[in-house]
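Structure below is start.csv: CSV, C-alpha atoms and all ligand atoms.
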```
chain,number,residue,atom,x,y,z
A,227,MET,CA,0.0,18.2,-67.5
A,228,ILE,CA,-3.4,16.6,-67.8
A,229,TYR,CA,-4.7,14.2,-65.2
A,230,LEU,CA,-7.8,12.1,-64.5
A,231,VAL,CA,-8.9,11.9,-60.8
A,232,THR,CA,-11.6,9.5,-60.1
A,233,GLY,CA,-13.7,10.1,-57.0
A,234,GLY,CA,-13.0,13.8,-57.4
A,235,ALA,CA,-16.3,14.7,-55.6
A,236,GLY,CA,-15.2,12.7,-52.5
A,237,PHE,CA,-13.0,13.6,-49.5
A,238,ILE,CA,-9.5,12.6,-50.8
A,239,GLY,CA,-10.1,12.8,-54.5
A,240,SER,CA,-11.5,16.4,-54.4
A,241,ALA,CA,-8.5,17.5,-52.3
A,242,ILE,CA,-6.1,16.0,-54.8
A,243,ALA,CA,-7.9,17.5,-57.8
A,244,LYS,CA,-7.9,20.9,-56.2
A,245,LYS,CA,-4.2,20.8,-55.5
A,246,LEU,CA,-3.4,19.6,-59.1
A,247,ILE,CA,-5.5,22.5,-60.5
A,248,ASN,CA,-3.9,25.0,-58.2
A,249,GLN,CA,-0.5,23.8,-59.5
A,250,GLY,CA,-1.7,24.7,-63.0
A,251,ASN,CA,-2.7,21.3,-64.3
A,252,GLU,CA,-5.8,20.3,-66.3
A,253,VAL,CA,-8.0,17.8,-64.4
A,254,TYR,CA,-10.8,15.5,-65.5
A,255,ILE,CA,-13.0,14.0,-62.8
A,256,ILE,CA,-15.3,11.0,-62.9
A,257,ASP,CA,-17.7,10.5,-60.0
A,258,ASN,CA,-21.2,9.1,-59.6
A,259,LEU,CA,-21.9,11.2,-56.5
A,260,GLN,CA,-22.7,8.1,-54.5
A,261,THR,CA,-20.9,9.4,-51.4
A,262,GLY,CA,-19.3,12.5,-53.0
A,263,TYR,CA,-20.9,16.0,-53.4
A,264,SER,CA,-21.0,18.1,-56.5
A,265,ALA,CA,-20.0,21.1,-54.2
A,266,ASN,CA,-16.6,19.4,-53.7
A,267,ILE,CA,-15.8,19.4,-57.4
A,268,PRO,CA,-13.2,22.1,-58.2
A,269,LYS,CA,-14.6,24.8,-60.5
A,270,ASN,CA,-12.1,24.4,-63.3
A,271,ALA,CA,-12.2,20.6,-63.5
A,272,THR,CA,-14.0,18.8,-66.4
A,273,PHE,CA,-16.6,16.7,-64.7
A,274,ILE,CA,-18.1,13.5,-66.0
A,275,GLU,CA,-20.9,12.1,-63.9
A,276,GLY,CA,-21.2,8.4,-64.0
A,277,ASP,CA,-20.0,5.0,-62.7
A,278,PHE,CA,-16.3,4.4,-63.6
A,279,SER,CA,-16.8,0.7,-63.7
A,280,LYS,CA,-19.0,1.1,-66.8
A,281,ASP,CA,-17.8,1.4,-70.4
A,282,GLU,CA,-20.4,4.0,-71.1
A,283,THR,CA,-18.8,6.4,-68.6
A,284,ILE,CA,-15.2,5.6,-69.6
A,285,SER,CA,-16.1,6.3,-73.3
A,286,LYS,CA,-17.0,9.9,-72.3
A,287,LEU,CA,-13.3,10.5,-71.8
A,288,ASN,CA,-13.1,10.5,-75.6
A,289,ASN,CA,-9.7,8.6,-75.5
A,290,THR,CA,-8.0,11.6,-73.9
A,291,LYS,CA,-4.4,10.7,-73.1
A,292,PHE,CA,-3.6,11.5,-69.5
A,293,ASP,CA,-0.2,12.0,-68.0
A,294,ALA,CA,-1.4,10.0,-65.1
A,295,ILE,CA,-4.6,8.5,-63.7
A,296,PHE,CA,-5.3,8.9,-60.0
A,297,HIS,CA,-7.8,6.2,-59.3
A,298,ILE,CA,-9.0,7.5,-55.9
A,299,GLY,CA,-12.8,6.9,-56.1
A,300,GLY,CA,-14.4,3.8,-54.7
A,301,GLN,CA,-16.6,2.4,-52.1
A,302,SER,CA,-14.6,3.1,-49.0
A,303,SER,CA,-16.2,1.2,-46.2
A,304,GLY,CA,-15.5,-2.3,-45.0
A,305,GLU,CA,-18.8,-2.3,-43.3
A,306,ILE,CA,-20.8,-1.3,-46.4
A,307,SER,CA,-19.0,-4.0,-48.5
A,308,TYR,CA,-21.0,-6.6,-46.5
A,309,ASP,CA,-24.3,-4.9,-47.4
A,310,ASP,CA,-23.6,-5.1,-51.2
A,311,PRO,CA,-20.5,-7.2,-52.0
A,312,GLU,CA,-21.2,-7.1,-55.8
A,313,TYR,CA,-21.4,-3.3,-55.9
A,314,ASP,CA,-18.1,-3.2,-53.9
A,315,LEU,CA,-16.4,-5.6,-56.4
A,316,ASN,CA,-17.5,-3.5,-59.4
A,317,THR,CA,-16.6,-0.2,-57.9
A,318,ASN,CA,-13.3,-1.1,-56.3
A,319,THR,CA,-11.9,-3.8,-58.7
A,320,LEU,CA,-13.7,-3.9,-62.0
A,321,SER,CA,-13.1,-0.1,-62.3
A,322,THR,CA,-9.4,-0.7,-61.8
A,323,LEU,CA,-9.3,-3.2,-64.6
A,324,LYS,CA,-11.3,-0.9,-67.0
A,325,LEU,CA,-9.1,2.1,-66.2
A,326,LEU,CA,-5.9,0.1,-66.7
A,327,GLN,CA,-7.2,-1.1,-70.0
A,328,TYR,CA,-7.9,2.6,-70.8
A,329,CYS,CA,-4.3,3.3,-70.0
A,330,VAL,CA,-3.1,0.7,-72.5
A,331,LYS,CA,-5.5,1.9,-75.2
A,332,THR,CA,-4.6,5.6,-74.8
A,333,GLY,CA,-0.9,5.4,-74.0
A,334,CYS,CA,-1.2,6.6,-70.4
A,335,LYS,CA,1.9,5.4,-68.6
A,336,LYS,CA,1.2,6.1,-64.9
A,337,PHE,CA,-1.6,4.8,-62.7
A,338,ILE,CA,-1.9,5.7,-59.0
A,339,TYR,CA,-4.3,3.8,-56.8
A,340,ALA,CA,-6.0,4.5,-53.4
A,341,SER,CA,-5.4,1.1,-51.8
A,342,THR,CA,-5.9,0.5,-48.1
A,343,MET,CA,-4.3,-0.8,-44.9
A,344,SER,CA,-7.3,-3.1,-44.7
A,345,VAL,CA,-5.5,-5.6,-47.0
A,346,TYR,CA,-3.3,-6.6,-44.1
A,347,GLY,CA,-6.2,-7.8,-42.0
A,348,GLU,CA,-4.9,-9.0,-38.7
A,349,LYS,CA,-2.3,-11.3,-37.3
A,350,GLU,CA,-2.0,-12.5,-33.7
A,351,ASN,CA,0.6,-10.6,-31.7
A,352,GLN,CA,1.3,-8.2,-34.5
A,353,GLU,CA,0.3,-4.5,-34.6
A,354,GLN,CA,2.7,-2.9,-37.0
A,355,PHE,CA,2.7,-3.9,-40.6
A,356,SER,CA,5.2,-3.2,-43.4
A,357,GLU,CA,4.7,-3.8,-47.1
A,358,LEU,CA,6.6,-7.0,-46.8
A,359,ASP,CA,4.0,-8.5,-44.4
A,360,GLU,CA,1.5,-11.0,-45.6
A,361,THR,CA,-1.9,-9.8,-46.6
A,362,ASN,CA,-5.0,-11.3,-45.0
A,363,PRO,CA,-8.1,-9.3,-46.0
A,364,LYS,CA,-11.1,-9.6,-43.6
A,365,SER,CA,-13.7,-7.8,-45.6
A,366,PHE,CA,-15.0,-7.8,-49.2
A,367,TYR,CA,-13.7,-4.3,-49.4
A,368,ALA,CA,-10.2,-5.4,-48.6
A,369,VAL,CA,-10.4,-8.4,-51.0
A,370,GLY,CA,-11.3,-6.0,-53.8
A,371,LYS,CA,-8.6,-3.5,-53.1
A,372,LEU,CA,-6.0,-6.3,-52.9
A,373,ALA,CA,-7.2,-7.7,-56.2
A,374,SER,CA,-6.8,-4.2,-57.8
A,375,GLU,CA,-3.2,-4.2,-56.6
A,376,LYS,CA,-2.7,-7.6,-58.3
A,377,TYR,CA,-4.2,-6.3,-61.6
A,378,MET,CA,-1.9,-3.4,-61.4
A,379,ASP,CA,1.1,-5.7,-61.0
A,380,ILE,CA,0.2,-7.5,-64.2
A,381,PHE,CA,-0.4,-4.3,-66.2
A,382,SER,CA,2.9,-3.0,-64.9
A,383,LYS,CA,4.8,-6.1,-66.0
A,384,GLN,CA,3.0,-6.9,-69.2
A,385,PHE,CA,2.1,-3.4,-70.5
A,386,GLY,CA,4.8,-1.2,-69.0
A,387,ILE,CA,2.5,1.1,-67.1
A,388,ASP,CA,4.0,2.5,-63.9
A,389,CYS,CA,1.6,1.5,-61.2
A,390,ILE,CA,1.7,2.8,-57.7
A,391,ALA,CA,-0.4,1.4,-54.9
A,392,LEU,CA,-0.8,3.7,-51.9
A,393,ARG,CA,-2.0,1.8,-48.9
A,394,TYR,CA,-3.7,4.6,-47.0
A,395,PHE,CA,-4.2,4.1,-43.3
A,396,ASN,CA,-7.0,6.1,-41.6
A,397,VAL,CA,-7.3,9.4,-43.4
A,398,TYR,CA,-9.1,12.3,-41.6
A,399,GLY,CA,-9.3,16.1,-41.8
A,400,PRO,CA,-11.2,19.0,-43.3
A,401,GLY,CA,-13.4,18.0,-46.2
A,402,GLN,CA,-14.4,14.6,-44.7
A,403,ASN,CA,-18.0,13.6,-45.1
A,404,LEU,CA,-19.6,13.9,-41.6
A,405,GLU,CA,-22.9,12.4,-42.8
A,406,ASN,CA,-21.4,8.9,-43.5
A,407,LEU,CA,-21.6,7.2,-40.2
A,408,LYS,CA,-20.1,4.0,-41.5
A,409,GLN,CA,-16.7,5.3,-42.6
A,410,GLY,CA,-14.0,7.3,-40.9
A,411,MET,CA,-13.6,6.9,-37.1
A,412,VAL,CA,-12.6,10.5,-36.4
A,413,SER,CA,-15.5,12.0,-38.5
A,414,ILE,CA,-18.0,9.6,-37.1
A,415,TYR,CA,-17.2,10.6,-33.5
A,416,LEU,CA,-16.9,14.3,-34.2
A,417,LYS,CA,-20.3,14.3,-35.9
A,418,GLN,CA,-21.9,12.8,-32.9
A,419,PHE,CA,-20.1,15.1,-30.4
A,420,LEU,CA,-20.8,18.3,-32.4
A,421,ASP,CA,-24.3,17.7,-33.7
A,422,ASP,CA,-26.9,18.5,-31.0
A,423,THR,CA,-29.4,16.0,-32.4
A,424,PHE,CA,-27.1,13.2,-31.0
A,425,GLU,CA,-27.8,12.9,-27.3
A,426,LYS,CA,-24.9,10.5,-26.9
A,427,VAL,CA,-21.9,9.1,-28.8
A,428,ILE,CA,-22.3,5.5,-30.0
A,429,VAL,CA,-19.1,3.6,-30.4
A,430,LYS,CA,-19.2,0.3,-32.3
A,431,GLY,CA,-16.7,-1.9,-30.6
A,432,ASP,CA,-13.9,-1.8,-28.0
A,433,LEU,CA,-12.3,1.5,-26.7
A,434,ASN,CA,-8.9,-0.1,-26.9
A,435,ARG,CA,-9.1,-0.6,-30.7
A,436,PHE,CA,-6.6,1.7,-32.4
A,437,ARG,CA,-5.9,3.4,-35.7
A,438,ASP,CA,-3.0,5.0,-37.5
A,439,LEU,CA,-4.5,8.5,-38.3
A,440,VAL,CA,-3.0,10.3,-41.2
A,441,TYR,CA,-3.9,13.9,-42.0
A,442,ILE,CA,-5.5,14.7,-45.4
A,443,ASP,CA,-3.0,17.4,-46.4
A,444,ASP,CA,-0.2,14.8,-46.0
A,445,VAL,CA,-2.1,12.2,-48.0
A,446,VAL,CA,-2.6,14.7,-50.8
A,447,ASP,CA,1.0,15.8,-50.9
A,448,ILE,CA,2.3,12.2,-50.9
A,449,THR,CA,-0.2,11.1,-53.5
A,450,ILE,CA,0.8,13.9,-55.9
A,451,ALA,CA,4.5,13.5,-55.1
A,452,SER,CA,4.2,9.8,-56.0
A,453,SER,CA,3.3,10.8,-59.6
A,454,ASN,CA,6.4,12.9,-60.0
A,455,ASN,CA,9.0,10.8,-58.2
A,456,SER,CA,10.1,7.7,-60.1
A,457,LYS,CA,11.2,6.0,-56.8
A,458,PHE,CA,7.4,5.3,-56.3
A,459,ASN,CA,7.0,3.6,-59.6
A,460,ASN,CA,5.7,0.0,-59.4
A,461,GLU,CA,5.8,0.1,-55.6
A,462,ILE,CA,3.2,-0.6,-52.9
A,463,ILE,CA,3.6,1.9,-50.1
A,464,ASN,CA,2.1,2.3,-46.7
A,465,ILE,CA,0.7,5.8,-46.1
A,466,GLY,CA,0.6,6.1,-42.4
A,467,THR,CA,2.2,7.9,-39.5
A,468,ALA,CA,3.6,4.8,-37.7
A,469,LYS,CA,1.8,6.0,-34.6
A,470,LYS,CA,-1.2,4.3,-33.0
A,471,THR,CA,-4.1,6.2,-31.4
A,472,THR,CA,-6.8,4.2,-29.5
A,473,VAL,CA,-10.5,4.9,-29.8
A,474,GLY,CA,-10.4,6.0,-26.1
A,475,GLU,CA,-7.7,8.5,-26.9
A,476,ILE,CA,-9.6,9.9,-29.9
A,477,LEU,CA,-12.7,10.4,-27.7
A,478,THR,CA,-10.6,12.1,-24.9
A,479,LEU,CA,-9.0,14.5,-27.3
A,480,ILE,CA,-12.3,15.3,-29.0
A,481,ARG,CA,-13.8,16.1,-25.5
A,482,LYS,CA,-10.7,18.3,-24.7
A,483,TYR,CA,-10.7,20.3,-27.9
A,484,THR,CA,-14.5,20.7,-28.3
A,485,ASN,CA,-15.3,21.2,-24.6
A,486,ILE,CA,-18.3,18.9,-25.0
A,487,ASN,CA,-18.9,16.0,-22.7
A,488,LYS,CA,-21.5,13.5,-23.9
A,489,GLU,CA,-22.3,10.0,-22.7
A,490,ILE,CA,-20.4,7.3,-24.6
A,491,GLU,CA,-22.4,4.1,-25.4
A,492,ILE,CA,-20.4,1.1,-26.5
A,493,ILE,CA,-22.2,-1.4,-28.7
A,494,GLN,CA,-21.2,-4.4,-30.7
A,495,GLY,CA,-18.5,-4.0,-33.3
A,496,THR,CA,-19.1,-4.3,-37.1
A,497,PRO,CA,-18.2,-7.3,-39.1
A,498,GLY,CA,-14.7,-7.4,-40.5
A,499,ASP,CA,-13.6,-4.4,-38.4
A,500,GLN,CA,-9.9,-4.6,-37.5
A,501,PHE,CA,-9.0,-4.3,-33.9
A,502,GLY,CA,-6.0,-2.2,-34.8
A,503,ILE,CA,-3.0,-2.0,-36.9
A,504,TYR,CA,-0.5,0.7,-37.6
A,505,ALA,CA,2.0,1.4,-40.3
A,506,ASN,CA,5.7,0.8,-40.6
A,507,HIS,CA,6.4,3.7,-42.9
A,508,GLU,CA,10.1,3.4,-43.4
A,509,LYS,CA,9.6,2.8,-47.1
A,510,LEU,CA,7.5,6.0,-47.4
A,511,LEU,CA,10.2,8.0,-45.6
A,512,SER,CA,12.9,6.7,-47.9
A,513,PHE,CA,10.9,8.2,-50.9
A,514,TYR,CA,9.3,11.2,-49.1
A,515,ASN,CA,11.0,12.8,-46.3
A,516,LYS,CA,8.7,15.5,-44.8
A,517,GLU,CA,7.3,15.5,-41.3
A,518,LEU,CA,3.7,14.3,-41.0
A,519,THR,CA,1.0,16.2,-39.1
A,520,SER,CA,0.5,15.0,-35.5
A,521,PHE,CA,-3.0,13.9,-34.6
A,522,ASN,CA,-3.3,16.7,-32.0
A,523,ASP,CA,-2.7,19.4,-34.6
A,524,GLY,CA,-4.8,17.7,-37.3
A,525,LEU,CA,-7.8,17.2,-35.0
A,526,LYS,CA,-7.7,20.8,-33.9
A,527,LYS,CA,-7.7,21.9,-37.6
A,528,MET,CA,-10.6,19.6,-38.3
A,529,ILE,CA,-12.7,20.9,-35.5
A,530,THR,CA,-12.1,24.5,-36.6
A,531,TRP,CA,-13.1,23.5,-40.1
A,532,ILE,CA,-16.3,21.9,-38.9
A,533,LYS,CA,-17.2,25.0,-36.8
A,534,GLU,CA,-16.5,27.4,-39.7
A,535,ASN,CA,-18.6,25.3,-42.1
A,536,LYS,CA,-21.4,24.4,-39.8
A,537,ASN,CA,-24.1,25.9,-42.0
A,538,ALA,CA,-22.6,24.9,-45.3
B,601,LIG,N1,-10.7,7.7,-46.0
B,601,LIG,C1,-9.9,6.8,-45.6
B,601,LIG,O1,-9.5,6.7,-44.4
B,601,LIG,C2,-9.3,5.8,-46.5
B,601,LIG,C3,-8.4,4.8,-46.1
B,601,LIG,C4,-7.9,3.8,-46.9
B,601,LIG,C5,-8.3,3.9,-48.3
B,601,LIG,N2,-9.2,4.8,-48.7
B,601,LIG,C6,-9.5,4.8,-50.1
B,601,LIG,O2,-9.4,6.1,-50.6
B,601,LIG,C7,-10.4,6.3,-51.6
B,601,LIG,C8,-11.1,7.7,-51.3
B,601,LIG,O3,-11.7,7.6,-50.1
B,601,LIG,P1,-12.6,8.8,-49.5
B,601,LIG,O4,-12.4,8.8,-48.0
B,601,LIG,O5,-12.3,10.0,-50.2
B,601,LIG,O6,-14.1,8.3,-49.8
B,601,LIG,P2,-15.3,9.2,-50.4
B,601,LIG,O7,-16.5,8.3,-50.2
B,601,LIG,O8,-15.3,10.5,-49.8
B,601,LIG,O9,-14.9,9.3,-51.9
B,601,LIG,C9,-15.1,8.3,-52.8
B,601,LIG,C10,-15.7,9.0,-54.1
B,601,LIG,O10,-15.8,8.0,-55.1
B,601,LIG,C11,-17.1,8.1,-55.7
B,601,LIG,N3,-17.5,6.8,-56.2
B,601,LIG,C12,-17.7,5.7,-55.5
B,601,LIG,N4,-18.0,4.7,-56.3
B,601,LIG,C13,-18.0,5.2,-57.6
B,601,LIG,C14,-18.2,4.7,-58.9
B,601,LIG,N5,-18.5,3.4,-59.1
B,601,LIG,N6,-18.2,5.5,-60.0
B,601,LIG,C15,-17.8,6.8,-59.8
B,601,LIG,N7,-17.6,7.3,-58.6
B,601,LIG,C16,-17.7,6.6,-57.5
B,601,LIG,C17,-18.0,8.6,-54.6
B,601,LIG,O11,-19.2,9.3,-55.0
B,601,LIG,C18,-17.1,9.6,-53.9
B,601,LIG,O12,-17.1,10.9,-54.4
B,601,LIG,C19,-11.3,5.1,-51.6
B,601,LIG,O13,-11.0,4.3,-52.7
B,601,LIG,C20,-11.0,4.4,-50.3
B,601,LIG,O14,-11.2,3.1,-50.4
B,601,LIG,C21,-9.7,5.8,-47.9
```
Could I get this structure in the form of structure tokens?
Amino acid sequence: MIYLVTGGAGFIGSAIAKKLINQGNEVYIIDNLQTGYSANIPKNATFIEGDFSKDETISKLNNTKFDAIFHIGGQSSGEISYDDPEYDLNTNTLSTLKLLQYCVKTGCKKFIYASTMSVYGEKENQEQFSELDETNPKSFYAVGKLASEKYMDIFSKQFGIDCIALRYFNVYGPGQNLENLKQGMVSIYLKQFLDDTFEKVIVKGDLNRFRDLVYIDDVVDITIASSNNSKFNNEIINIGTAKKTTVGEILTLIRKYTNINKEIEIIQGTPGDQFGIYANHEKLLSFYNKELTSFNDGLKKMITWIKENKNA
């Protein structure tokens, strides 16, 4: 099979591309290396460097017909979307439209998209959200992701493309970019704990905020499974563990497993940051029935990976 994985130099995209290649597939990658690294790109992939919201980049695919497109790349921070909303819109939404048009033009029948739990925003007295709940985006990032889902709905109904929107909750694990201090709660705190140049750990916002932390290997397995299992077709699916972990709990576990005790300084939160939501994942379990990694186990694996790759 032949696949396109966008964002294949990034955290999630590179892990998906590697697994697809290990399974014997041919993989093309588009990435502009904005937050990804060329070192992440699997050796046997065909790499196109460029912005996937631009025609000049998409034309470099030479009308190759893919068995599926995994549109994983994007600007992945709600906080950064406030710095440059227009870039966010192009990267997260215009790119989806262009790649869906590419599907129509080339006869690609499957499109898998990295959406986000941020589309739910927040609702008073509600912490757990299912796919049936109302969406209420609080950042430009979330608006763009939701708009992509709506474009996919039209392409699915009007052009017969099987579109799958995976609403990832908070993904963490080996391979995550520790230098991006604006995205990824676990990686942001681990970086500050483990890097001696940080005297203390800065936390932007309340310690009672919480997240549904989902381990990278599970995300990769589910994303690839979604391309092979017709139950996922034309569905929106929460990808989370249905468990909540507070910021305070994350910090306590990091202290425990690293044996490092640094001062914690709490400063003002970032605009558009959600206090906390977690997934109802019954729909996911009805399609994919494997046990998901616990945060305890996933965190230990991530710390081991950081220590082993300290000088990389
Ligand atoms: N990491 C999470 O917890 C999480 C949660 C929900 C959704 N998501 C979504 O999953 C996707 C992947 O996230 P990630 O954590 O791997 O982020 P990442 O930043 O590590 O990877 C994104 C990749 O996309 C590339 N990219 C960005 N804009 C591009 C453009 N215009 N043209 C070409 N390449 C571009 C970047 O260079 C990077 O390699 C994103 O779309 C993000 O919104 C991530």
Per-residue nearest contacts of chain A to ligand LIG 601 (chain B) (7 Å; all atoms listed in the file) as a tab-separated table:
```
residue	atom	partner	partner_atom	distance
A:Thr232	CA	B:LIG601	N7	6.6
A:Gly233	CA	B:LIG601	O10	3.5
A:Gly234	CA	B:LIG601	O12	5.8
A:Ala235	CA	B:LIG601	O12	4.1
A:Gly236	CA	B:LIG601	O12	3.2
A:Phe237	CA	B:LIG601	O5	3.7
A:Ile238	CA	B:LIG601	O5	3.9
A:Gly239	CA	B:LIG601	O5	5.6
A:Ile256	CA	B:LIG601	C15	5.8
A:Asp257	CA	B:LIG601	N7	3.5
A:Asn258	CA	B:LIG601	C15	4.1
A:Leu259	CA	B:LIG601	O11	3.6
A:Gln260	CA	B:LIG601	O11	3.7
A:Thr261	CA	B:LIG601	O11	4.0
A:Gly262	CA	B:LIG601	O12	3.1
A:Tyr263	CA	B:LIG601	O12	6.4
A:Gly276	CA	B:LIG601	C15	5.6
A:Asp277	CA	B:LIG601	N6	3.3
A:Phe278	CA	B:LIG601	N6	4.2
A:Ser279	CA	B:LIG601	N5	5.6
A:Ile298	CA	B:LIG601	C7	4.7
A:Gly299	CA	B:LIG601	O10	3.3
A:Gly300	CA	B:LIG601	C12	3.9
A:Gln301	CA	B:LIG601	C12	4.9
A:Ser302	CA	B:LIG601	O14	3.7
A:Ser303	CA	B:LIG601	O14	6.8
A:Asn316	CA	B:LIG601	N5	7.0
A:Thr317	CA	B:LIG601	N5	4.2
A:Asn318	CA	B:LIG601	O13	6.9
A:Ala340	CA	B:LIG601	O2	4.7
A:Ser341	CA	B:LIG601	C5	5.3
A:Thr342	CA	B:LIG601	C4	4.0
A:Met343	CA	B:LIG601	C4	6.2
A:Arg393	CA	B:LIG601	C4	6.5
A:Tyr394	CA	B:LIG601	C4	4.3
A:Phe395	CA	B:LIG601	C3	5.1
A:Asn396	CA	B:LIG601	O1	3.8
A:Val397	CA	B:LIG601	O1	3.6
A:Tyr398	CA	B:LIG601	O1	6.3
A:Gln402	CA	B:LIG601	O8	6.6
A:Asn403	CA	B:LIG601	O8	6.2
A:Gly410	CA	B:LIG601	O1	5.7
```
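Straight-line separation from CA of Leu326 in chain A to CA of Ile387 in chain A: 8.5 Å.
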Calculated over all atoms listed in the file, which of the candidates A:Ser453, A:Asn351, A:Thr496, A:Asn270 has the smallest distance to Ile255 in chain A?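 Among the listed residues, A:Asn270 lies closest to Ile255 in chain A.
The protein and nucleic acid residues lying at most 6 Å from range 284-296 of chain A are A:Ile228, A:Tyr229, A:Leu230, A:Val231, A:Asp281, A:Glu282, A:Ile298, A:Thr332, A:Cys334, A:Lys336, A:Phe337, A:Ile338, with all atoms listed in the file considered and sequence neighbours fewer than 2 positions away removed.
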List as a ChimeraX atom specification the protein and nucleic acid residues near Asn434 in chain A, meaning an atom at most 9 Å away when all atoms listed in the file are counted, but skip any in the same chain fewer than 6 places from it. /A:472-475,501-502
List the spatial neighbours of Lys457 in chain A as a PyMOL selection string - criterion: any atom at most 12 Å away, all atoms listed in the file, same-chain residues fewer than 5 positions off excluded. chain A and resi 388-390+451-452+462-463+509-514
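Our summary of the geometry notes that CA of Ala241 in chain A is positioned 25.0 Å from CA of Glu508 in chain A.
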Pick out the closest residue to Leu407 in chain A from this set: A:Val427, A:Ile448, A:Val345, A:Leu320. Count all atoms listed in the file. A:Val427
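Between CA of Asp438 in chain A and CA of Lys470 in chain A there is a distance of 4.9 Å.
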10 Å contact set for Asp379 in chain A, all atoms listed in the file, chain neighbours under 3 positions out, as a PyMOL selection string: chain A and resi 373-376+382-391+460-462
Between A:Thr484, A:Gln494, A:Asn459, A:Thr471, which has the minimum distance to Lys417 in chain A (counting only C-alpha atoms)?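 Once distances to Lys417 in chain A are computed over only C-alpha atoms, the minimum belongs to A:Thr484.
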Looking at A:Gln500, A:Ser264, A:Asn455, A:Asn515, which one is nearest to Glu348 in chain A, with distances taken over only C-alpha atoms?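 Result for the nearest residue to Glu348 in chain A: A:Gln500.
Between Glu517 in chain A and the residues A:Tyr441, A:Tyr415, A:Tyr313, A:Phe436, the shortest atom-to-atom distance, using all atoms listed in the file, involves A:Tyr441.
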Please provide the set of residues having any atom within 9 Å of range 528-537 of chain A, restricted to all atoms listed in the file, with same-chain residues fewer than 5 positions apart removed, written as an mmCIF file with C-alpha atoms, in the frame of the given file.
```cif
data_model
loop_
_atom_site.group_PDB
_atom_site.id
_atom_site.type_symbol
_atom_site.label_atom_id
_atom_site.label_comp_id
_atom_site.auth_asym_id
_atom_site.auth_seq_id
_atom_site.Cartn_x
_atom_site.Cartn_y
_atom_site.Cartn_z
ATOM 1 C CA TYR A 398 -9.100 12.300 -41.600
ATOM 2 C CA GLY A 399 -9.300 16.100 -41.800
ATOM 3 C CA PRO A 400 -11.200 19.000 -43.300
ATOM 4 C CA GLY A 401 -13.400 18.000 -46.200
ATOM 5 C CA GLN A 402 -14.400 14.600 -44.700
ATOM 6 C CA LEU A 416 -16.900 14.300 -34.200
ATOM 7 C CA LEU A 420 -20.800 18.300 -32.400
ATOM 8 C CA ILE A 480 -12.300 15.300 -29.000
ATOM 9 C CA TYR A 483 -10.700 20.300 -27.900
ATOM 10 C CA THR A 484 -14.500 20.700 -28.300
ATOM 11 C CA ASP A 523 -2.700 19.400 -34.600
#
```
Residue nearest Phe424 in chain A - candidates A:Glu312, A:Glu489, A:Asp444, A:Glu305, atoms counted: all atoms listed in the file: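 Using all atoms listed in the file, Phe424 in chain A sits closest to A:Glu489.
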